[in-house]
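Q: This is the structure, below, for whatever I ask next.
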Amino acid sequence: MTENKDNNRKFSLTTPLYYVNDKPHIGSAYTTIAADVIARFKKLQGLEVLLITGTDEHGQKIQRTAESKNIDPQLHCDRTASTFTDLWQKLNIQYDRFIRTTATNHEKIVKEFFARVQAKQDIYLDRQQGWYCVSCEEFKEERELNEDKFCLIHTNKKAEWRDEENYFFRLSKYQQQIEDLYAKNPNFIQPETRRNEVLNFVKSGLKDFSISRVNLEWGFGIPEDPTHTIYVWFDALLGYVTALLEPEQEPTLENALSKWWPVNVHLVGKDILRFHAIYWPAMLLSAELPLPEKIFGHGFLTKDGQKMGKSLGNTIDPFDLVDRYSADAVRYYFIKEIEFGRDGDFRETRFINVLNADLANDLGNLLNRTLGMIKKYCQGSLPKMTAAEVPQDNPLKTIGSELGDRAAAAYDNLRFDLACEAVFALIRASNKFIDDSAPWSLYKQKKQTEVETVLYSVSESIRLSAYLLSPIVPDLSNDIYQQLGFGIDFNDFSKGDCASVYQHHSQWGKLPANQNLGKSKPIFSRLELPEEITE
Ligand code: MSP
């Protein structure tokens, strides 16, 4: 296989391929927003990026959902898959590939891969007995069930007893190689706490797992034994590979893997980390294919401190949230508020308070008051000066000079919360600097150079903040840039604008002198708490 050449200029990443049993929930939105933030940051840095998302459409869960609605499973999948693309559009997600596992080119890839694993003698027929959770699409150990045989993740669905012939994948054969992989690549699984969980699981001994189902039509048949359907997880993981095919390419593994494989990071929720960090690398080792660089397992979202679920009646509808508060508001809250990797909570009062404090007050007011003063004291154009003229001990110059590198390191470590924190430290320092230096008094005292120095350093801090926040709140950053007189569009990387100016714009001190301002308007209106919420 051709290796991924020129890795440094390319970056590929995936979200999970979401089950289409229902329309997307906030958990799917969460991972996809995070993936989009990473992709946008890499694009700002001038990298060629491929963001893969899509839907996982086979298996018992989907078959049963379609049956319960009395419709053809494919029709059900078609309808539900489009609710995902609708949401991604609403959330301003710039994905490059949307793979559906019912695509015909995917079947060819899955079968070619299956044959490679078979050729390694890694597939055999045996008897499978055990408790199966259809919602997880996974056999469960006794300890993963409660005393009534309900799975601990899906507490409203009883696991089903299965006793059938299945094809098995020889996972146990890869025990040592998997342990070596983790030892040689300490960053393969992140964050650290989740890595330890996986390491402990692997240490307890890997068991072969079944990769076929009987009495299930909705899936790809096993070529020599069509009474069996390929297990939905075996099929779905390969979706990451099929997604790499160019539309006109022949669906072969060689083609699929030629440009973008191995991907740089698979983003997944903690509940499906095991599939990605153990089963998937073992499957790839068996097929003698390169392994992905990193698997990142993020935490779970709760609502008002409670586990979310349809049966609990406390789900968060991402469509509704975006309609009420805007894409940037939703993106900002989840990215800033929750350390990526840890569990996090959504509470509407907190959501509104965070957005009002950060976006409406600290950032929105700062822009407003600054532009107002520039109009009044500098005839409506940015001050006629450059960063070199700003004294070294200017507090914003000091903080701003380190900010580009600090934010980049935070983004690279997927610590989006820290990136936001660093940027908001500059924003808050800017508000304080205005209060402390009182340009209105300086103006009265006819100290024009000092007025301009304050307004230059504040405007430049706003610009840099907007730039560094653009992967998270691209619309808001566009508004700020436009008001400062720039023509850059953070939603359009096709012209290469953002990337070509990156080195320049990611540093403090690059605001051009005397640039004409655009039309000013509030960038983020204060949000009110809906009446029905009283807290
Ligand atoms: N189809 C599989 C993935 C196959 S990838 C080759 C699947 N789909 S899923 O739709 O059930 O889950 C998708 C993602 O949503 C998972 O990463 C899961 O962790 C995430 N979440 C489900 N509930 C969640 C929360 N409450 N909070 C955060 N993420 C959650 O699994």
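To be explicit about the labels: the chains of the structure tokens are called A, B, and onward in the order shown, and within each one the residues are counted from 1, while ligands get numbers from 1 in the order they are shown.
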Pick out each residue of stretch 35-66 of chain A that DSSP on the backbone tags as helix (DSSP H, G or I); I need them as an MDAnalysis selection string.

A: chainID A and resid 35:44 60:66

Q: List as a list in words the protein and nucleic acid residues near A:Leu382, meaning an atom at most 8 Å away when only C-alpha atoms are counted, but skip any in the same chain fewer than 6 places from it.

A: Ile374, Tyr456, Leu484, Pro512, Ala513, Asn514, Gln515, Asn516 and Leu517 of chain A

Q: What does the distance between atom CA of A:Asn491 and atom CA of A:Asp475 come to in Å, to one decimal place?

A: 7.6 Å

Q: Please determine, counting only C-alpha atoms and all ligand atoms, which residue among A:Leu244, A:Leu396, A:Met308, A:Cys151 has the shortest atom-to-atom distance to ligand 1.

A: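 Of A:Leu244, A:Leu396, A:Met308, A:Cys151, the one nearest ligand 1, counting only C-alpha atoms and all ligand atoms, is A:Met308.
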
Q: Residues near A:Ser525, anyone? I mean within 9 Å using only C-alpha atoms, not counting same-chain ones fewer than 5 positions away, as a PyMOL selection string.

A: chain A and resi 356+359-360+364

Q: Pick from A:Tyr467, A:Phe424, A:Trp508, A:Tyr132: nearest to A:Leu145, with only C-alpha atoms counted?

A: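 Closest candidate: A:Tyr132.
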
Q: With only C-alpha atoms as the counted atoms, please give the residues lying no more than 9 Å from A:Glu142, apart from itself and same-chain residues fewer than 4 positions off, as a list in words.

A: Gly130, Trp131, Asn146, Glu147 and Lys149 of chain A

Q: Include C-alpha atoms and write out the residues we just selected as a PDB file, in the first residue's frame.

A:
ATOM      1  CA  GLY A 130     -24.254 -14.523  25.466  1.00  0.00           C
ATOM      2  CA  TRP A 131     -26.291 -11.429  26.216  1.00  0.00           C
ATOM      3  CA  ASN A 146     -27.496  -5.145  35.959  1.00  0.00           C
ATOM      4  CA  GLU A 147     -29.212  -8.030  37.778  1.00  0.00           C
ATOM      5  CA  LYS A 149     -29.921  -8.059  32.383  1.00  0.00           C
TER       6      LYS A 149
END

Q: Run DSSP on the backbone and give me the residues of stretch 63-302 of chain A it puts in strand (DSSP E), as an NGL selection string.

A: :A and (97-100 or 123-133 or 138-140 or 160-169 or 189-190 or 209-210 or 212-214 or 221-222 or 225-230 or 265-269 or 295-298 or 301-302)
